[in-house]
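Asker: This is the structure I have questions about; it appears just below.
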Amino acid sequence: MSEPASPDAPEIAAAFLDVEASATGRRWSARLDTEAETRALAIAQAHGLSDVVSRVLAGRGVSMESAQAFLAPKLRDLLPDPHVLRDMEPALERLAQAVARSEKVAIFGDYDVDGAASAALLASFLRACGVPFQIHIPDRITEGYGPNSEAIEMLAREGARLLVAVDCGTASHEPFAHARALGLDVVALDHHQAPETLPETIALVNPNRQDDLSGLGHLCAAGVVFMTLVGLARRLREEGRAPDFDLMGALDIVALATVADVVPLVGLNRAFVRQGLSVMRARARPGLTALLDVAGLAAAPQAWHLGYLVGPRINAGGRIGDAALGARLLLTEDQTEAATIAAELDRLNRERQIIEQEAVAEALAQADKLLMDEPDAPIVATFSPEWHPGVVGLVAARLKERFRRPAFAFAVNIAGDATGSGRSIAGVDLGRAVRAAVEAGRAIKGGGHAMAAGVTIAPGGFADFAAFLAQAVAEGVASAQAQDTLTIDAIVTAGGASAALVAEIEQAGPFGAGCPEPVFALPRHRIVSVREVGSGGHLRVRLASGDGSTIDGVAFRAAGQPLGEALSASQGETIHLAGTLARNDWGGRDRAELRIIDLAKPA
């Protein structure tokens with residue numbers, strides 16, 4: 001006979017639709033508790049919003065009083081004084097000197113979207129000021145991540161007097177010391193997690209440095225650069241040297257970087273993305289317009305387009321081609337050059353997809369074997385000397401997605417070291433664990449964010465690093481997995497899921513990290529058909545509710561996975577489904593589509 005529950009024990013809410021274990025092994029739970037339900041009702045009554053939108057807002061912690069401000073975030077209300085960032089004053093002082101003296105500025109960026117956007121943003125402002133500049137984006141294979149002495153020597157030889165590192169540099173002690181020895185002043189504008197001891201610079205502006213009290217740690221590097229340019233424009237205006245530069249018009253690439261770098265879409269970041277998307281829809285930047293065209297996006301871009309269509313194409317240059325292509329594309333004002341670069345990035349992206357698919361297949365096989373031997377392993381770490389170093393981050397993302405635990409993938413770089421990239425799950429700080437591995441001598445260098453990290457280890461050090469990391473994150477992974485539920489915002493039906501409803505839901509966006517896309521349950525819908533489409537293992541599904549209404553759905557990369565197998569096995573049956581809603585205007589018909597992420601048999 002079981003003992004009665006303690007009167008002090010917290011009450012566990014019933015599973016949503018009584019789903020205790022879904023096709024993907026998760027318990028379903030309601031996002032809104034009793035208090036949030038009450039708040040949703042108050043939001044709907046006070047602001048005349050639909051029940052669904054009100055529930056989405058309440059589920060993201062929005063109060064009745066702040067609902068309108070959340071729905072229409074304004075930059076002027078959310079943008080703080082740039083000086084709240086540590087080291088902003090000396091950074092502005094040195095940049096203003098460069099403008100006054102027309103000194104050549106070397107911009108050293110990272111090879112991802114945030115790095116390209118940050119470099120292009122700073123360069124476009126300097127161009128408007130008439131300041132000569134040179135952008136250097138390191139080659140992922142031959143140079144690795146961050147500033148390096150060889151590239152800095154080249155920049156010094158070509159006349160640079162100020163080195164500005166964007167989206168990198170927070171831990172670049174030796175390269176920056178070398179830059180100073182060559183006579184270069186150094187400013188870093190970054191956002192990566194910072195060690196306690198920082199490199200010596202004129203200024204290191206990073207909201208994630210340990211002595212920064214700005215509360216802006218959620219910004220990506222392009223957001224930090226934008227804040228810097230706001231301060232610089234103000235200073236130059238006071239000095240009578242204001243350039244003809246539209247800062248608001250630059251929010252398109254700030255939005256792109258914010259979404260692509262998967263930083264939390266909260267506070268100032270929401271304003272960046274909402275207003276940046278409005279700028280992007282005007283199609284005034286030749287590079288982004290060309291990239292939207294090659295991606296086949298004729299509709300007004302949404303936040304998810306930046307992450308899944310635009311970002312990967314810019315990243316493709318840094319992964320397997322010319323790392324500088326992305327920055328050049330975002331900076332060019334020539335439509336012909338923009339079209340040429342966009343076409344090359346699109347070609348590289350298709351090539352990257354083939355390389356990635358082969359590596360993912362091998363990595364999944366390695367991970368399956370690892371978990372057969374050790375089912376409770378807190379991390380999945382894979383390695384192959386045959387993999388292209390440019391796709392290891394994508395491989396790690398697929399592993400994390402498949403096994404719902406932190407994952408690493410390693411390849412071999414040109415120096416013979418193992419270069420790895422990791423992706424984490426909510427609640428597990430991977431960047432901190434990697435820094436601990438570096439401090440413990442288990443890695444040559446590394447760092448990153450809570451959700452993503454990069455690392456370099458010596459030949460033969462893979463097993464030792466993997467063991468160290470597993471121990472470092474074991475407790476956090478166990479806690480996160482114990483809370484691994486699928487959170488449902490509301491119930492909809494095939495008949496109620498319309499394009500108009502999706503448009504209402506989009507009012508509460510943008511959605512992404514820190515502001516999750518709403519998940520809806522469709523109870524007791526019959527799976528009419530399931531078929532595989534495309535080459536990526538996507539499944540196209542037709543669903544029908546009890547009243548005969550139908551809706552199309554898609555399960556991305558689900559073929560051969562537990563979700564895809566469950567969908568195929570349930571054809572003709574009535575089941576519960578869960579997913580997100582999107583608009584599909586293919587063929588000129590504007591309709592809602594369910595992006596399926598889980599299913600369960602009714603109790």
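Lettering and numbering for the structure tokens are positional, with chains as A, B, ... in the shown order, residues counted from 1 in each chain, and ligands counted from 1 in the shown order.
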Can you check which residues of segment 161-383 of chain A DSSP gives as strand (DSSP E) on the backbone and send them as a list in words?
Answerer: Leu162, Leu163, Val164, Ala165, Val166, Asp185, Val186, Val187, Ala188, Leu189, Ala203, Leu204, Val205, Val380, Ala381, Thr382 and Phe383 of chain A
Asker: Go ahead and write the selection's residues with N, CA and C atoms as a short mmCIF file (atom, residue, chain, number, x, y, z; two decimals), in the first residue's frame.
Answerer:
```cif
data_model
loop_
_atom_site.label_atom_id
_atom_site.label_comp_id
_atom_site.auth_asym_id
_atom_site.auth_seq_id
_atom_site.Cartn_x
_atom_site.Cartn_y
_atom_site.Cartn_z
N LEU A 162 43.78 50.83 -36.35
CA LEU A 162 42.82 50.41 -35.32
C LEU A 162 42.24 49.06 -35.73
N LEU A 163 42.29 48.10 -34.83
CA LEU A 163 41.70 46.78 -35.06
C LEU A 163 40.42 46.69 -34.23
N VAL A 164 39.30 46.44 -34.89
CA VAL A 164 38.03 46.25 -34.20
C VAL A 164 37.58 44.81 -34.43
N ALA A 165 37.54 44.04 -33.36
CA ALA A 165 37.07 42.66 -33.45
C ALA A 165 35.58 42.63 -33.14
N VAL A 166 34.80 42.02 -34.03
CA VAL A 166 33.35 41.93 -33.81
C VAL A 166 32.94 40.46 -33.77
N ASP A 185 45.95 49.78 -32.11
CA ASP A 185 45.03 49.84 -30.99
C ASP A 185 43.93 48.81 -31.24
N VAL A 186 43.36 48.27 -30.15
CA VAL A 186 42.37 47.19 -30.27
C VAL A 186 41.10 47.55 -29.52
N VAL A 187 39.98 47.39 -30.20
CA VAL A 187 38.64 47.48 -29.60
C VAL A 187 37.91 46.20 -29.96
N ALA A 188 37.23 45.59 -28.99
CA ALA A 188 36.45 44.38 -29.25
C ALA A 188 34.99 44.65 -28.92
N LEU A 189 34.11 44.24 -29.82
CA LEU A 189 32.65 44.35 -29.64
C LEU A 189 32.10 42.93 -29.76
N ALA A 203 39.35 49.00 -25.41
CA ALA A 203 38.00 48.78 -24.90
C ALA A 203 37.54 47.39 -25.31
N LEU A 204 36.86 46.71 -24.40
CA LEU A 204 36.25 45.42 -24.71
C LEU A 204 34.79 45.51 -24.26
N VAL A 205 33.93 45.79 -25.22
CA VAL A 205 32.50 45.96 -24.94
C VAL A 205 31.82 44.61 -25.14
N VAL A 380 26.24 13.16 -26.06
CA VAL A 380 26.60 12.36 -27.22
C VAL A 380 27.75 13.07 -27.91
N ALA A 381 28.89 12.42 -27.98
CA ALA A 381 30.06 13.02 -28.63
C ALA A 381 30.51 12.10 -29.77
N THR A 382 30.65 12.66 -30.96
CA THR A 382 31.01 11.88 -32.14
C THR A 382 32.23 12.50 -32.82
N PHE A 383 32.91 11.68 -33.61
CA PHE A 383 34.15 12.15 -34.23
C PHE A 383 34.42 11.37 -35.51
#
```
Asker: Among segment 36-248 of chain A, which residues carry a DSSP assignment of helix (DSSP H, G or I), reported as a PyMOL selection string?
Answerer: chain A and resi 36-47+51-58+67-71+75-78+82-84+88-101+113-128+149-157+173-181+221-238+248
Asker: Keeping C-alpha atoms, export the residues of the selection given above as a short mmCIF file (atom, residue, chain, number, x, y, z; two decimals), in the first residue's frame.
Answerer:
```cif
data_model
loop_
_atom_site.label_atom_id
_atom_site.label_comp_id
_atom_site.auth_asym_id
_atom_site.auth_seq_id
_atom_site.Cartn_x
_atom_site.Cartn_y
_atom_site.Cartn_z
CA ALA A 36 -1.91 32.30 -16.22
CA GLU A 37 -5.40 31.22 -17.32
CA THR A 38 -6.80 34.13 -15.31
CA ARG A 39 -4.23 36.49 -16.82
CA ALA A 40 -5.13 35.32 -20.35
CA LEU A 41 -8.80 36.09 -19.70
CA ALA A 42 -7.91 39.54 -18.38
CA ILE A 43 -5.73 40.28 -21.45
CA ALA A 44 -8.53 39.24 -23.81
CA GLN A 45 -11.12 41.39 -22.03
CA ALA A 46 -8.89 44.45 -21.57
CA HIS A 47 -7.44 44.57 -25.08
CA ASP A 51 -8.56 33.82 -26.78
CA VAL A 52 -5.67 32.17 -28.62
CA VAL A 53 -3.49 35.30 -28.79
CA SER A 54 -4.27 36.11 -25.15
CA ARG A 55 -3.24 32.61 -24.10
CA VAL A 56 0.00 32.89 -26.09
CA LEU A 57 0.82 36.19 -24.37
CA ALA A 58 -0.03 34.92 -20.90
CA ALA A 67 0.35 43.39 -23.44
CA GLN A 68 0.16 46.27 -25.91
CA ALA A 69 3.82 47.16 -25.43
CA PHE A 70 4.73 43.50 -25.99
CA LEU A 71 2.67 43.32 -29.18
CA LEU A 75 13.03 50.72 -30.11
CA ARG A 76 12.79 54.18 -28.59
CA ASP A 77 11.19 52.69 -25.47
CA LEU A 78 13.58 49.75 -25.11
CA PRO A 82 24.85 52.83 -24.88
CA HIS A 83 27.01 53.87 -21.93
CA VAL A 84 25.34 51.27 -19.72
CA MET A 88 31.60 51.90 -24.10
CA GLU A 89 33.13 55.32 -23.42
CA PRO A 90 36.72 54.38 -24.40
CA ALA A 91 35.38 52.46 -27.41
CA LEU A 92 33.49 55.53 -28.64
CA GLU A 93 36.47 57.78 -27.94
CA ARG A 94 38.80 55.62 -30.05
CA LEU A 95 36.32 55.16 -32.88
CA ALA A 96 35.63 58.91 -32.97
CA GLN A 97 39.38 59.50 -33.22
CA ALA A 98 39.57 57.12 -36.17
CA VAL A 99 36.79 59.07 -37.89
CA ALA A 100 38.44 62.42 -37.18
CA ARG A 101 41.84 61.23 -38.44
CA VAL A 113 25.86 35.21 -39.75
CA ASP A 114 26.35 37.31 -36.62
CA GLY A 115 29.98 37.94 -37.53
CA ALA A 116 29.14 38.86 -41.12
CA ALA A 117 26.29 41.14 -40.07
CA SER A 118 28.40 42.81 -37.37
CA ALA A 119 31.28 43.44 -39.78
CA ALA A 120 28.99 44.78 -42.51
CA LEU A 121 27.13 47.02 -40.05
CA LEU A 122 30.30 48.63 -38.72
CA ALA A 123 31.86 48.89 -42.18
CA SER A 124 28.79 50.56 -43.69
CA PHE A 125 28.86 53.21 -40.95
CA LEU A 126 32.59 53.85 -41.45
CA ARG A 127 32.00 54.07 -45.21
CA ALA A 128 29.38 56.75 -44.60
CA SER A 149 48.54 36.81 -35.25
CA GLU A 150 49.18 36.06 -38.95
CA ALA A 151 46.04 37.85 -40.09
CA ILE A 152 46.74 40.77 -37.76
CA GLU A 153 50.23 41.14 -39.24
CA MET A 154 48.69 41.26 -42.72
CA LEU A 155 46.20 43.93 -41.65
CA ALA A 156 48.97 46.02 -40.07
CA ARG A 157 51.10 45.77 -43.24
CA HIS A 173 45.01 37.46 -25.20
CA GLU A 174 47.97 36.53 -27.42
CA PRO A 175 46.65 37.89 -30.75
CA PHE A 176 45.76 41.22 -29.16
CA ALA A 177 49.16 41.43 -27.45
CA HIS A 178 50.71 40.86 -30.88
CA ALA A 179 48.50 43.59 -32.36
CA ARG A 180 49.68 46.06 -29.72
CA ALA A 181 53.30 45.13 -30.41
CA ALA A 221 27.24 40.84 -31.47
CA ALA A 222 25.35 42.81 -34.11
CA GLY A 223 23.16 44.18 -31.33
CA VAL A 224 26.28 45.28 -29.45
CA VAL A 225 27.65 46.91 -32.63
CA PHE A 226 24.33 48.69 -33.18
CA MET A 227 24.42 50.04 -29.61
CA THR A 228 27.98 51.24 -30.26
CA LEU A 229 26.97 53.00 -33.48
CA VAL A 230 24.07 54.71 -31.70
CA GLY A 231 26.60 56.15 -29.26
CA LEU A 232 29.12 56.98 -32.00
CA ALA A 233 26.51 58.71 -34.16
CA ARG A 234 25.47 60.83 -31.18
CA ARG A 235 29.08 61.81 -30.44
CA LEU A 236 29.86 62.66 -34.06
CA ARG A 237 26.67 64.72 -34.28
CA GLU A 238 27.75 66.70 -31.21
CA MET A 248 17.04 52.43 -38.38
#
```
Asker: Which residue out of A:His576, A:Met372, A:Val533, A:Ala323 has the minimum interatomic distance to Ala559 of chain A when only C-alpha atoms are used?
Answerer: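 Of the candidates, the smallest distance to Ala559 of chain A is held by A:Val533.
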Asker: Quick one: residues within 8 Å of segment 387-393 of chain A, only C-alpha atoms, excluding same-chain residues fewer than 4 positions away - as a list in words?
Answerer: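 My list of contacting residues is Arg140, Ile141, Gly318, Arg319, Ile320, Arg352, Ile355, Glu356, Ala359, Ala397, Phe408, Ala409, Phe410, Ala411, Val412, Asn413, Thr419, Gly420, Ser421, Gly422 and Arg423 of chain A.
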Asker: Quick one: distance from atom CA of Ala521 of chain A to atom CA of Asp489 of chain A in Å, one decimal?
Answerer: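 Spanning atom CA of Ala521 of chain A to atom CA of Asp489 of chain A is a straight-line distance of 8.0 Å.
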Asker: Contacts of Leu288 of chain A at 8 Å or less, counting only C-alpha atoms, minus same-chain residues fewer than 6 places along, as a list in words?
Answerer: Met280, Leu329 and Leu330 of chain A
Asker: Could the residues in this selection be written to a file with N, CA and C atoms, as an mmCIF file, in the first residue's frame?
Answerer:
```cif
data_model
loop_
_atom_site.group_PDB
_atom_site.id
_atom_site.type_symbol
_atom_site.label_atom_id
_atom_site.label_comp_id
_atom_site.auth_asym_id
_atom_site.auth_seq_id
_atom_site.Cartn_x
_atom_site.Cartn_y
_atom_site.Cartn_z
ATOM 1 N N MET A 280 13.330 44.962 -43.720
ATOM 2 C CA MET A 280 13.661 43.956 -44.718
ATOM 3 C C MET A 280 12.561 43.823 -45.773
ATOM 4 N N LEU A 329 28.218 40.419 -49.186
ATOM 5 C CA LEU A 329 26.832 40.462 -49.668
ATOM 6 C C LEU A 329 26.034 41.524 -48.916
ATOM 7 N N LEU A 330 26.175 41.553 -47.586
ATOM 8 C CA LEU A 330 25.399 42.488 -46.776
ATOM 9 C C LEU A 330 25.870 43.925 -46.947
#
```
Asker: Excluding Arg313 of chain A and residues on its chain fewer than 6 positions from it, collect all residues at most 6 Å away from it, counting only C-alpha atoms, and give them as number ranges by chain.
Answerer: A: 345-346, 349
Asker: Please save C-alpha atoms of the selected residues as a PDB file, in the first residue's frame.
Answerer:
```
ATOM      1  CA  LEU A 345      26.033  31.226 -51.552  1.00  0.00           C
ATOM      2  CA  ASP A 346      22.968  29.329 -52.742  1.00  0.00           C
ATOM      3  CA  ASN A 349      24.384  25.847 -49.424  1.00  0.00           C
TER       4      ASN A 349
END
```
Asker: Please tabulate, as a tab-separated table, the residues of segment 426-538 of chain A that come within 9 Å of segment 301-309 of chain A, each with its closest pair of atoms and the distance in Å to one decimal, counting only C-alpha atoms and ordering rows by chain, then residue number upward.
Answerer:
```
residue	atom	partner	partner_atom	distance
A:Glu506	CA	A:Gln302	CA	9.0
A:Gly509	CA	A:Ala303	CA	8.3
A:Pro510	CA	A:Ala303	CA	6.0
A:Phe511	CA	A:Ala303	CA	7.1
A:Gly512	CA	A:Trp304	CA	7.9
```
Asker: Would you save the residues from that selection as an mmCIF file, in the first residue's frame, using N, CA and C atoms?
Answerer:
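Contents of the output file again31.cif:
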```cif
data_model
loop_
_atom_site.group_PDB
_atom_site.id
_atom_site.type_symbol
_atom_site.label_atom_id
_atom_site.label_comp_id
_atom_site.auth_asym_id
_atom_site.auth_seq_id
_atom_site.Cartn_x
_atom_site.Cartn_y
_atom_site.Cartn_z
ATOM 1 N N GLU A 506 0.707 35.477 -35.157
ATOM 2 C CA GLU A 506 1.940 36.181 -35.534
ATOM 3 C C GLU A 506 2.048 37.548 -34.862
ATOM 4 N N GLY A 509 4.454 37.497 -32.079
ATOM 5 C CA GLY A 509 5.841 37.181 -32.377
ATOM 6 C C GLY A 509 6.728 38.410 -32.305
ATOM 7 N N PRO A 510 7.982 38.297 -32.685
ATOM 8 C CA PRO A 510 8.599 37.093 -33.269
ATOM 9 C C PRO A 510 8.861 36.019 -32.223
ATOM 10 N N PHE A 511 8.838 34.771 -32.694
ATOM 11 C CA PHE A 511 9.087 33.638 -31.819
ATOM 12 C C PHE A 511 10.462 33.057 -32.101
ATOM 13 N N GLY A 512 11.043 32.504 -31.089
ATOM 14 C CA GLY A 512 12.366 31.906 -31.196
ATOM 15 C C GLY A 512 12.891 31.625 -29.808
#
```
Asker: Which residues come within 8 Å of Thr258 of chain A, counting only C-alpha atoms, excluding same-chain residues fewer than 2 positions away, as number ranges by chain?
Answerer: A: 114, 219-220, 222-223, 254-256, 260-263, 265, 269, 272-273
Asker: Enter the distance from atom CA of Gly48 of chain A to atom CA of Thr580 of chain A, in Å, rounded to one decimal.
Answerer: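 Separation of atom CA of Gly48 of chain A and atom CA of Thr580 of chain A: 23.6 Å.
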Asker: Residues near Val438 of chain A, anyone? I mean within 12 Å using only C-alpha atoms, not counting same-chain ones fewer than 4 positions away, as a PDB file with C-alpha atoms, in the first residue's frame.
Answerer:
```pdb
ATOM      1  CA  ALA A 171      39.514  35.608 -24.967  1.00  0.00           C
ATOM      2  CA  PRO A 195      36.754  34.532 -18.757  1.00  0.00           C
ATOM      3  CA  GLY A 431      29.821  27.227 -22.892  1.00  0.00           C
ATOM      4  CA  ARG A 432      30.674  27.126 -19.196  1.00  0.00           C
ATOM      5  CA  ALA A 433      31.481  23.415 -19.361  1.00  0.00           C
ATOM      6  CA  VAL A 434      33.806  23.956 -22.327  1.00  0.00           C
ATOM      7  CA  ARG A 442      41.390  18.939 -21.513  1.00  0.00           C
ATOM      8  CA  ALA A 443      41.118  21.290 -24.485  1.00  0.00           C
ATOM      9  CA  ILE A 444      43.441  23.711 -26.262  1.00  0.00           C
ATOM     10  CA  LYS A 445      40.858  26.459 -26.574  1.00  0.00           C
ATOM     11  CA  GLY A 446      37.109  26.832 -26.553  1.00  0.00           C
ATOM     12  CA  GLY A 447      34.106  28.784 -25.415  1.00  0.00           C
ATOM     13  CA  GLY A 454      33.174  25.415 -30.006  1.00  0.00           C
ATOM     14  CA  VAL A 455      36.365  23.710 -28.898  1.00  0.00           C
ATOM     15  CA  THR A 456      39.749  22.561 -30.169  1.00  0.00           C
ATOM     16  CA  ILE A 457      41.448  19.525 -28.643  1.00  0.00           C
ATOM     17  CA  ALA A 458      44.823  17.918 -29.256  1.00  0.00           C
ATOM     18  CA  PHE A 465      37.472  15.567 -23.355  1.00  0.00           C
ATOM     19  CA  PHE A 468      35.324  15.370 -18.706  1.00  0.00           C
ATOM     20  CA  LEU A 469      32.376  17.076 -20.361  1.00  0.00           C
TER      21      LEU A 469
END
```
Asker: For each of A:Ala299, A:Leu371, A:Ile414, A:Glu333, take the minimum atom-to-atom distance to Leu399 of chain A, counting only C-alpha atoms, then give the residue where this is smallest.
Answerer: A:Leu371
Asker: Kindly indicate which residue among A:Thr142, A:Gln275, A:Gln134, A:Thr574 lies nearest to Ala106 of chain A, using only C-alpha atoms for the distances.
Answerer: A:Gln134
Asker: Please measure the separation of atom CA of Glu200 of chain A and atom CA of Ala453 of chain A, giving the value in Å to one decimal.
Answerer: 23.6 Å
Asker: Looking at A:Val310, A:Gly287, A:Asn315, A:Leu292, which one is nearest to Ala338 of chain A, with distances taken over only C-alpha atoms?
Answerer: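 Among the listed residues, A:Gly287 lies closest to Ala338 of chain A.
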